[in-house]
>>> print(open('start.cif').read())   # mmCIF, N, CA and C atoms
data_coords
loop_
_atom_site.label_atom_id
_atom_site.label_comp_id
_atom_site.auth_asym_id
_atom_site.auth_seq_id
_atom_site.Cartn_x
_atom_site.Cartn_y
_atom_site.Cartn_z
N GLN A 1 18.01 5.18 9.89
CA GLN A 1 16.61 4.81 9.75
C GLN A 1 16.20 4.94 8.29
N ALA A 2 15.47 3.93 7.79
CA ALA A 2 15.04 3.94 6.40
C ALA A 2 14.09 5.10 6.16
N GLN A 3 14.16 5.64 4.95
CA GLN A 3 13.29 6.77 4.61
C GLN A 3 11.85 6.33 4.43
N VAL A 4 11.65 5.11 3.94
CA VAL A 4 10.31 4.57 3.75
C VAL A 4 10.24 3.26 4.54
N GLN A 5 9.31 3.18 5.44
CA GLN A 5 9.18 2.00 6.29
C GLN A 5 7.82 1.36 6.10
N GLU A 6 7.83 0.10 5.70
CA GLU A 6 6.61 -0.69 5.56
C GLU A 6 6.52 -1.68 6.71
N SER A 7 5.29 -2.00 7.09
CA SER A 7 5.09 -2.99 8.14
C SER A 7 3.72 -3.62 7.98
N GLY A 8 3.52 -4.75 8.65
CA GLY A 8 2.20 -5.36 8.72
C GLY A 8 1.99 -6.60 7.88
N GLY A 9 2.96 -6.99 7.08
CA GLY A 9 2.78 -8.19 6.28
C GLY A 9 2.92 -9.46 7.10
N GLY A 10 2.82 -10.59 6.42
CA GLY A 10 2.98 -11.85 7.12
C GLY A 10 2.19 -12.96 6.48
N LEU A 11 2.00 -14.02 7.25
CA LEU A 11 1.27 -15.21 6.82
C LEU A 11 -0.09 -15.24 7.48
N VAL A 12 -1.13 -15.48 6.67
CA VAL A 12 -2.49 -15.53 7.20
C VAL A 12 -3.28 -16.58 6.44
N GLN A 13 -4.26 -17.15 7.08
CA GLN A 13 -5.12 -18.13 6.43
C GLN A 13 -6.16 -17.42 5.56
N ALA A 14 -6.65 -18.13 4.56
CA ALA A 14 -7.70 -17.59 3.71
C ALA A 14 -8.89 -17.16 4.57
N GLY A 15 -9.44 -16.00 4.22
CA GLY A 15 -10.53 -15.43 5.01
C GLY A 15 -10.07 -14.47 6.09
N GLY A 16 -8.77 -14.44 6.35
CA GLY A 16 -8.24 -13.58 7.40
C GLY A 16 -7.98 -12.16 6.92
N SER A 17 -7.38 -11.38 7.82
CA SER A 17 -7.13 -9.96 7.55
C SER A 17 -5.70 -9.57 7.91
N LEU A 18 -5.21 -8.57 7.22
CA LEU A 18 -3.95 -7.93 7.54
C LEU A 18 -4.08 -6.43 7.29
N ARG A 19 -3.26 -5.66 7.97
CA ARG A 19 -3.23 -4.22 7.76
C ARG A 19 -1.79 -3.80 7.48
N LEU A 20 -1.56 -3.26 6.30
CA LEU A 20 -0.24 -2.78 5.93
C LEU A 20 -0.12 -1.29 6.23
N SER A 21 1.06 -0.91 6.67
CA SER A 21 1.35 0.50 6.94
C SER A 21 2.63 0.89 6.22
N CYS A 22 2.70 2.13 5.83
CA CYS A 22 3.91 2.62 5.14
C CYS A 22 4.09 4.10 5.49
N ARG A 23 5.27 4.44 6.00
CA ARG A 23 5.56 5.81 6.39
C ARG A 23 6.77 6.31 5.63
N ASN A 24 6.69 7.53 5.16
CA ASN A 24 7.80 8.15 4.44
C ASN A 24 8.30 9.34 5.24
N SER A 25 9.50 9.23 5.76
CA SER A 25 10.06 10.30 6.58
C SER A 25 10.85 11.32 5.77
N ARG A 26 10.89 11.10 4.47
CA ARG A 26 11.69 11.95 3.60
C ARG A 26 10.91 13.14 3.04
N ILE A 27 9.65 12.91 2.74
CA ILE A 27 8.83 13.93 2.07
C ILE A 27 8.36 14.96 3.10
N ILE A 28 8.55 16.23 2.76
CA ILE A 28 8.07 17.26 3.67
C ILE A 28 6.55 17.32 3.62
N LEU A 29 5.95 17.76 4.71
CA LEU A 29 4.51 17.68 4.87
C LEU A 29 3.76 18.47 3.79
N SER A 30 4.26 19.65 3.46
CA SER A 30 3.57 20.48 2.46
C SER A 30 3.52 19.81 1.10
N THR A 31 4.48 18.96 0.82
CA THR A 31 4.45 18.19 -0.43
C THR A 31 3.54 16.99 -0.30
N PHE A 32 3.60 16.34 0.86
CA PHE A 32 2.85 15.10 1.06
C PHE A 32 1.36 15.32 0.87
N TRP A 33 0.86 16.47 1.35
CA TRP A 33 -0.58 16.75 1.26
C TRP A 33 -1.11 16.61 -0.15
N GLY A 34 -0.31 16.93 -1.13
CA GLY A 34 -0.82 17.05 -2.50
C GLY A 34 -0.60 15.86 -3.40
N ILE A 35 0.03 14.81 -2.89
CA ILE A 35 0.39 13.71 -3.78
C ILE A 35 -0.56 12.53 -3.65
N GLU A 36 -0.64 11.78 -4.71
CA GLU A 36 -1.39 10.52 -4.72
C GLU A 36 -0.54 9.45 -4.05
N LEU A 37 -1.16 8.60 -3.27
CA LEU A 37 -0.48 7.49 -2.60
C LEU A 37 -1.07 6.19 -3.11
N GLY A 38 -0.25 5.16 -3.17
CA GLY A 38 -0.75 3.91 -3.70
C GLY A 38 -0.10 2.68 -3.11
N TRP A 39 -0.75 1.57 -3.34
CA TRP A 39 -0.21 0.24 -3.02
C TRP A 39 -0.22 -0.59 -4.30
N TYR A 40 0.89 -1.27 -4.54
CA TYR A 40 1.04 -2.18 -5.67
C TYR A 40 1.44 -3.54 -5.12
N ARG A 41 1.27 -4.57 -5.93
CA ARG A 41 1.73 -5.89 -5.52
C ARG A 41 2.29 -6.63 -6.72
N GLN A 42 3.16 -7.58 -6.40
CA GLN A 42 3.75 -8.42 -7.43
C GLN A 42 3.75 -9.86 -6.96
N ALA A 43 3.01 -10.69 -7.69
CA ALA A 43 2.99 -12.12 -7.40
C ALA A 43 4.12 -12.80 -8.15
N PRO A 44 4.55 -13.97 -7.70
CA PRO A 44 5.63 -14.68 -8.39
C PRO A 44 5.31 -14.90 -9.86
N GLY A 45 6.23 -14.51 -10.74
CA GLY A 45 6.06 -14.73 -12.16
C GLY A 45 5.11 -13.76 -12.85
N LYS A 46 4.65 -12.76 -12.11
CA LYS A 46 3.70 -11.81 -12.69
C LYS A 46 4.25 -10.39 -12.61
N GLN A 47 3.65 -9.50 -13.38
CA GLN A 47 4.05 -8.11 -13.34
C GLN A 47 3.44 -7.42 -12.12
N ARG A 48 4.10 -6.34 -11.72
CA ARG A 48 3.57 -5.53 -10.62
C ARG A 48 2.24 -4.90 -11.07
N GLU A 49 1.26 -4.92 -10.18
CA GLU A 49 -0.05 -4.38 -10.51
C GLU A 49 -0.55 -3.44 -9.42
N LEU A 50 -1.40 -2.51 -9.84
CA LEU A 50 -2.00 -1.59 -8.88
C LEU A 50 -3.02 -2.33 -8.01
N VAL A 51 -2.93 -2.11 -6.72
CA VAL A 51 -3.93 -2.63 -5.79
C VAL A 51 -4.95 -1.53 -5.49
N ALA A 52 -4.44 -0.37 -5.09
CA ALA A 52 -5.33 0.75 -4.76
C ALA A 52 -4.53 2.04 -4.72
N ASN A 53 -5.21 3.16 -4.97
CA ASN A 53 -4.57 4.45 -4.74
C ASN A 53 -5.57 5.41 -4.14
N ILE A 54 -5.03 6.46 -3.53
CA ILE A 54 -5.86 7.47 -2.88
C ILE A 54 -5.28 8.84 -3.20
N ASN A 55 -6.15 9.73 -3.65
CA ASN A 55 -5.71 11.07 -4.02
C ASN A 55 -5.70 11.99 -2.81
N SER A 56 -5.21 13.20 -3.04
CA SER A 56 -5.10 14.16 -1.95
C SER A 56 -6.46 14.58 -1.41
N ASP A 57 -7.51 14.44 -2.24
CA ASP A 57 -8.85 14.80 -1.78
C ASP A 57 -9.57 13.62 -1.13
N GLY A 58 -8.87 12.50 -1.01
CA GLY A 58 -9.44 11.32 -0.37
C GLY A 58 -10.17 10.38 -1.30
N SER A 59 -10.30 10.73 -2.57
CA SER A 59 -10.94 9.81 -3.51
C SER A 59 -10.04 8.61 -3.74
N THR A 60 -10.65 7.46 -3.98
CA THR A 60 -9.90 6.21 -4.06
C THR A 60 -10.20 5.45 -5.35
N ASN A 61 -9.29 4.55 -5.66
CA ASN A 61 -9.43 3.69 -6.84
C ASN A 61 -8.87 2.33 -6.47
N TYR A 62 -9.57 1.25 -6.87
CA TYR A 62 -9.15 -0.10 -6.51
C TYR A 62 -9.06 -0.99 -7.74
N GLY A 63 -8.12 -1.93 -7.68
CA GLY A 63 -8.10 -2.97 -8.69
C GLY A 63 -9.34 -3.84 -8.58
N ASP A 64 -9.78 -4.39 -9.70
CA ASP A 64 -11.03 -5.14 -9.71
C ASP A 64 -11.01 -6.32 -8.74
N SER A 65 -9.87 -6.96 -8.59
CA SER A 65 -9.81 -8.18 -7.77
C SER A 65 -9.90 -7.91 -6.28
N VAL A 66 -9.74 -6.65 -5.86
CA VAL A 66 -9.74 -6.35 -4.42
C VAL A 66 -10.92 -5.48 -4.00
N LYS A 67 -11.72 -5.03 -4.95
CA LYS A 67 -12.85 -4.16 -4.62
C LYS A 67 -13.78 -4.84 -3.61
N GLY A 68 -14.16 -4.09 -2.60
CA GLY A 68 -15.05 -4.62 -1.58
C GLY A 68 -14.35 -5.38 -0.48
N ARG A 69 -13.05 -5.65 -0.64
CA ARG A 69 -12.30 -6.39 0.39
C ARG A 69 -11.18 -5.56 1.00
N PHE A 70 -10.58 -4.67 0.21
CA PHE A 70 -9.45 -3.86 0.67
C PHE A 70 -9.89 -2.41 0.82
N THR A 71 -9.26 -1.72 1.76
CA THR A 71 -9.53 -0.30 1.97
C THR A 71 -8.21 0.45 2.15
N ILE A 72 -8.00 1.45 1.32
CA ILE A 72 -6.81 2.28 1.43
C ILE A 72 -7.16 3.56 2.20
N SER A 73 -6.22 4.03 3.00
CA SER A 73 -6.43 5.28 3.73
C SER A 73 -5.09 5.98 3.91
N ARG A 74 -5.15 7.23 4.35
CA ARG A 74 -3.93 8.00 4.52
C ARG A 74 -4.01 8.86 5.77
N ASP A 75 -2.86 9.14 6.34
CA ASP A 75 -2.75 10.07 7.46
C ASP A 75 -1.62 11.02 7.10
N ASP A 76 -1.99 12.18 6.59
CA ASP A 76 -0.97 13.10 6.11
C ASP A 76 -0.07 13.60 7.24
N GLY A 77 -0.64 13.80 8.41
CA GLY A 77 0.17 14.26 9.53
C GLY A 77 1.28 13.30 9.90
N LYS A 78 1.03 12.02 9.67
CA LYS A 78 2.04 11.00 9.94
C LYS A 78 2.78 10.60 8.67
N ARG A 79 2.48 11.28 7.56
CA ARG A 79 3.09 10.95 6.26
C ARG A 79 3.02 9.46 5.99
N SER A 80 1.82 8.92 6.15
CA SER A 80 1.64 7.48 6.05
C SER A 80 0.45 7.11 5.18
N VAL A 81 0.52 5.91 4.65
CA VAL A 81 -0.57 5.32 3.89
C VAL A 81 -0.79 3.91 4.43
N PHE A 82 -2.05 3.48 4.41
CA PHE A 82 -2.42 2.19 4.99
C PHE A 82 -3.24 1.38 4.00
N LEU A 83 -3.22 0.06 4.19
CA LEU A 83 -4.05 -0.82 3.39
C LEU A 83 -4.65 -1.87 4.31
N GLN A 84 -5.94 -1.77 4.52
CA GLN A 84 -6.66 -2.79 5.29
C GLN A 84 -7.12 -3.86 4.32
N MET A 85 -6.72 -5.10 4.57
CA MET A 85 -7.04 -6.20 3.67
C MET A 85 -7.88 -7.22 4.42
N ASP A 86 -9.10 -7.40 3.99
CA ASP A 86 -10.02 -8.34 4.62
C ASP A 86 -10.39 -9.44 3.65
N ASN A 87 -10.87 -10.55 4.21
CA ASN A 87 -11.31 -11.68 3.39
C ASN A 87 -10.24 -12.06 2.37
N LEU A 88 -9.03 -12.21 2.85
CA LEU A 88 -7.91 -12.53 1.97
C LEU A 88 -8.05 -13.92 1.38
N ASN A 89 -7.53 -14.08 0.16
CA ASN A 89 -7.51 -15.39 -0.48
C ASN A 89 -6.11 -15.65 -1.04
N PRO A 90 -5.79 -16.88 -1.41
CA PRO A 90 -4.43 -17.20 -1.86
C PRO A 90 -3.96 -16.37 -3.05
N ASP A 91 -4.89 -15.89 -3.88
CA ASP A 91 -4.49 -15.05 -5.02
C ASP A 91 -3.95 -13.69 -4.60
N ASP A 92 -4.14 -13.32 -3.35
CA ASP A 92 -3.60 -12.07 -2.83
C ASP A 92 -2.13 -12.19 -2.41
N THR A 93 -1.59 -13.38 -2.47
CA THR A 93 -0.20 -13.59 -2.10
C THR A 93 0.75 -12.83 -3.02
N GLY A 94 1.74 -12.19 -2.43
CA GLY A 94 2.71 -11.45 -3.21
C GLY A 94 3.50 -10.48 -2.36
N VAL A 95 4.35 -9.72 -3.02
CA VAL A 95 5.08 -8.66 -2.34
C VAL A 95 4.35 -7.34 -2.61
N TYR A 96 4.06 -6.64 -1.53
CA TYR A 96 3.29 -5.40 -1.61
C TYR A 96 4.23 -4.20 -1.43
N TYR A 97 4.03 -3.21 -2.28
CA TYR A 97 4.87 -2.02 -2.28
C TYR A 97 4.00 -0.77 -2.13
N CYS A 98 4.41 0.13 -1.27
CA CYS A 98 3.75 1.43 -1.22
C CYS A 98 4.45 2.38 -2.19
N HIS A 99 3.72 3.34 -2.66
CA HIS A 99 4.26 4.29 -3.64
C HIS A 99 3.76 5.68 -3.32
N PHE A 100 4.65 6.66 -3.49
CA PHE A 100 4.33 8.03 -3.12
C PHE A 100 4.34 8.92 -4.35
N GLY A 101 3.32 8.75 -5.18
CA GLY A 101 3.00 9.62 -6.29
C GLY A 101 4.15 10.22 -7.06
N SER A 102 4.04 11.52 -7.28
CA SER A 102 4.99 12.22 -8.14
C SER A 102 6.40 12.26 -7.57
N THR A 103 6.57 12.02 -6.27
CA THR A 103 7.93 11.96 -5.71
C THR A 103 8.63 10.67 -6.11
N ASN A 104 7.82 9.68 -6.49
CA ASN A 104 8.31 8.38 -6.96
C ASN A 104 9.12 7.61 -5.92
N TYR A 105 8.87 7.87 -4.65
CA TYR A 105 9.44 7.00 -3.63
C TYR A 105 8.65 5.68 -3.61
N TRP A 106 9.37 4.58 -3.43
CA TRP A 106 8.76 3.26 -3.29
C TRP A 106 9.19 2.66 -1.95
N GLY A 107 8.27 1.87 -1.37
CA GLY A 107 8.66 1.07 -0.23
C GLY A 107 9.55 -0.08 -0.68
N GLN A 108 10.18 -0.73 0.28
CA GLN A 108 11.11 -1.81 -0.03
C GLN A 108 10.39 -3.10 -0.38
N GLY A 109 9.10 -3.15 -0.12
CA GLY A 109 8.33 -4.36 -0.39
C GLY A 109 8.16 -5.19 0.86
N ILE A 110 6.95 -5.70 1.05
CA ILE A 110 6.67 -6.52 2.21
C ILE A 110 5.85 -7.73 1.76
N GLN A 111 6.22 -8.89 2.28
CA GLN A 111 5.60 -10.14 1.84
C GLN A 111 4.26 -10.36 2.53
N VAL A 112 3.28 -10.72 1.72
CA VAL A 112 1.97 -11.17 2.22
C VAL A 112 1.73 -12.56 1.63
N THR A 113 1.49 -13.52 2.51
CA THR A 113 1.24 -14.88 2.08
C THR A 113 -0.08 -15.36 2.67
N VAL A 114 -0.96 -15.83 1.79
CA VAL A 114 -2.28 -16.31 2.22
C VAL A 114 -2.35 -17.81 1.94
N SER A 115 -2.54 -18.59 2.97
CA SER A 115 -2.62 -20.04 2.82
C SER A 115 -4.08 -20.47 2.67
N SER A 116 -4.27 -21.54 1.92
CA SER A 116 -5.64 -22.03 1.68
C SER A 116 -6.07 -23.00 2.76
#
>>> encode(input="start.cif", output="structure tokens")
Amino acid sequence: QAQVQESGGGLVQAGGSLRLSCRNSRIILSTFWGIELGWYRQAPGKQRELVANINSDGSTNYGDSVKGRFTISRDDGKRSVFLQMDNLNPDDTGVYYCHFGSTNYWGQGIQVTVSS
């Protein structure tokens, strides 16, 4: 079983929604509580960029292009991070990666495609 499992990507029409999930079975719980979790994305021909991150105290930070449309959350007991994506548009198309702070674990990447 993979140490980091991502799910929830796919193809959706503009205006639709998707929810990404990412679980890390490698990090022990006492470490997980204290780390920042994040989602990044990479569009074709572009550099990887931050989508959102969430700190251990629950404070969040979003990229300008997704503010008001995406919501990041975490469930420490499940060692998981989530990304709710609403009102998607074609510019959101790309490969999305979860990231686990100072442990530097990355998800394998999951494709999100938004059609116009």
>>> closest_residue(input="start.cif", among="A:Ser65, A:Ser7, A:Thr103, A:Ser80", to="A:Asn24", atoms="all atoms listed in the file")
A:Ser80
>>> residues_around(input="start.cif", residues="stretch 38-42 of chain A", least_positions_apart="5", cutoff="6 Å", atoms="only N, CA and C atoms", output="PyMOL selection string")
chain A and resi 47-54+93-101
>>> closest_residue(input="start.cif", among="A:Ser25, A:Thr60, A:Ser17, A:Asn55", to="A:Gln5", atoms="all atoms listed in the file")
A:Ser25
>>> select_by_dssp(input="start.cif", residues="chain A", states="helix (DSSP H, G or I)", output="JSON, numbers by chain")
{"A": [29, 30, 31, 32, 76, 77, 78, 90, 91, 92, 101, 102, 103]}
>>> resolve_selection(input="start.cif", expression="the PyMOL selection byres (((chain A and resi 68 and name CA) around 12) and name CA)", output="list of chain:residue names")
A:Ala52, A:Asn61, A:Tyr62, A:Gly63, A:Asp64, A:Ser65, A:Val66, A:Lys67, A:Arg69, A:Phe70, A:Thr71, A:Ile72, A:Gln84, A:Met85, A:Asp86, A:Asn87, A:Leu88
>>> write_last_selection(input="start.cif", atoms="N, CA and C atoms", output="short mmCIF file (atom, residue, chain, number, x, y, z; two decimals), in the coordinates of the input")
data_model
loop_
_atom_site.label_atom_id
_atom_site.label_comp_id
_atom_site.auth_asym_id
_atom_site.auth_seq_id
_atom_site.Cartn_x
_atom_site.Cartn_y
_atom_site.Cartn_z
N ALA A 52 -4.44 -0.37 -5.09
CA ALA A 52 -5.33 0.75 -4.76
C ALA A 52 -4.53 2.04 -4.72
N ASN A 61 -9.29 4.55 -5.66
CA ASN A 61 -9.43 3.69 -6.84
C ASN A 61 -8.87 2.33 -6.47
N TYR A 62 -9.57 1.25 -6.87
CA TYR A 62 -9.15 -0.10 -6.51
C TYR A 62 -9.06 -0.99 -7.74
N GLY A 63 -8.12 -1.93 -7.68
CA GLY A 63 -8.10 -2.97 -8.69
C GLY A 63 -9.34 -3.84 -8.58
N ASP A 64 -9.78 -4.39 -9.70
CA ASP A 64 -11.03 -5.14 -9.71
C ASP A 64 -11.01 -6.32 -8.74
N SER A 65 -9.87 -6.96 -8.59
CA SER A 65 -9.81 -8.18 -7.77
C SER A 65 -9.90 -7.91 -6.28
N VAL A 66 -9.74 -6.65 -5.86
CA VAL A 66 -9.74 -6.35 -4.42
C VAL A 66 -10.92 -5.48 -4.00
N LYS A 67 -11.72 -5.03 -4.95
CA LYS A 67 -12.85 -4.16 -4.62
C LYS A 67 -13.78 -4.84 -3.61
N ARG A 69 -13.05 -5.65 -0.64
CA ARG A 69 -12.30 -6.39 0.39
C ARG A 69 -11.18 -5.56 1.00
N PHE A 70 -10.58 -4.67 0.21
CA PHE A 70 -9.45 -3.86 0.67
C PHE A 70 -9.89 -2.41 0.82
N THR A 71 -9.26 -1.72 1.76
CA THR A 71 -9.53 -0.30 1.97
C THR A 71 -8.21 0.45 2.15
N ILE A 72 -8.00 1.45 1.32
CA ILE A 72 -6.81 2.28 1.43
C ILE A 72 -7.16 3.56 2.20
N GLN A 84 -5.94 -1.77 4.52
CA GLN A 84 -6.66 -2.79 5.29
C GLN A 84 -7.12 -3.86 4.32
N MET A 85 -6.72 -5.10 4.57
CA MET A 85 -7.04 -6.20 3.67
C MET A 85 -7.88 -7.22 4.42
N ASP A 86 -9.10 -7.40 3.99
CA ASP A 86 -10.02 -8.34 4.62
C ASP A 86 -10.39 -9.44 3.65
N ASN A 87 -10.87 -10.55 4.21
CA ASN A 87 -11.31 -11.68 3.39
C ASN A 87 -10.24 -12.06 2.37
N LEU A 88 -9.03 -12.21 2.85
CA LEU A 88 -7.91 -12.53 1.97
C LEU A 88 -8.05 -13.92 1.38
#
>>> atom_distance(input="start.cif", atom1="atom C of A:Trp33", atom2="atom N of A:Ser56")
6.1 Å
>>> resolve_selection(input="start.cif", expression="the PyMOL selection byres (((chain A and resi 89 and name CA) around 8) and name CA)", output="ChimeraX atom specification")
/A:13-15,87-88,90-93,114-116
>>> atom_distance(input="start.cif", atom1="atom CA of A:Ser21", atom2="atom CA of A:Phe82")
4.6 Å
>>> atom_distance(input="start.cif", atom1="atom N of A:Leu11", atom2="atom C of A:Asp76")
27.7 Å
>>> resolve_selection(input="start.cif", expression="the PyMOL selection byres ((chain A and resi 108) around 6)", output="compact mmCIF listing (two decimals) with N, CA and C atoms, in the frame of the given file")
# COMPACT_ATOMS: atom_id res chain seq x y z
N VAL A 4 11.65 5.11 3.94
CA VAL A 4 10.31 4.57 3.75
C VAL A 4 10.24 3.26 4.54
N GLU A 6 7.83 0.10 5.70
CA GLU A 6 6.61 -0.69 5.56
C GLU A 6 6.52 -1.68 6.71
N TYR A 97 4.03 -3.21 -2.28
CA TYR A 97 4.87 -2.02 -2.28
C TYR A 97 4.00 -0.77 -2.13
N TRP A 106 9.37 4.58 -3.43
CA TRP A 106 8.76 3.26 -3.29
C TRP A 106 9.19 2.66 -1.95
N GLY A 107 8.27 1.87 -1.37
CA GLY A 107 8.66 1.07 -0.23
C GLY A 107 9.55 -0.08 -0.68
N GLY A 109 9.10 -3.15 -0.12
CA GLY A 109 8.33 -4.36 -0.39
C GLY A 109 8.16 -5.19 0.86
N ILE A 110 6.95 -5.70 1.05
CA ILE A 110 6.67 -6.52 2.21
C ILE A 110 5.85 -7.73 1.76
>>> residues_around(input="start.cif", residues="A:Lys78", least_positions_apart="3", cutoff="10 Å", atoms="only C-alpha atoms", output="PyMOL selection string")
chain A and resi 22-25+29+32+74-75+81
>>> closest_residue(input="start.cif", among="A:Ser102, A:Arg19, A:Thr113, A:Ser59", to="A:Leu83", atoms="only C-alpha atoms")
A:Arg19
>>> select_by_dssp(input="start.cif", residues="chain A", states="strand (DSSP E or B)", output="PyMOL selection string")
chain A and resi 4-7+10-13+18-24+37-42+49-54+60-62+70-75+80-85+94-100+105-106+110-115
>>> closest_residue(input="start.cif", among="A:Leu20, A:Ile28, A:Val12, A:Ala43", to="A:Arg79", atoms="only C-alpha atoms")
A:Ile28
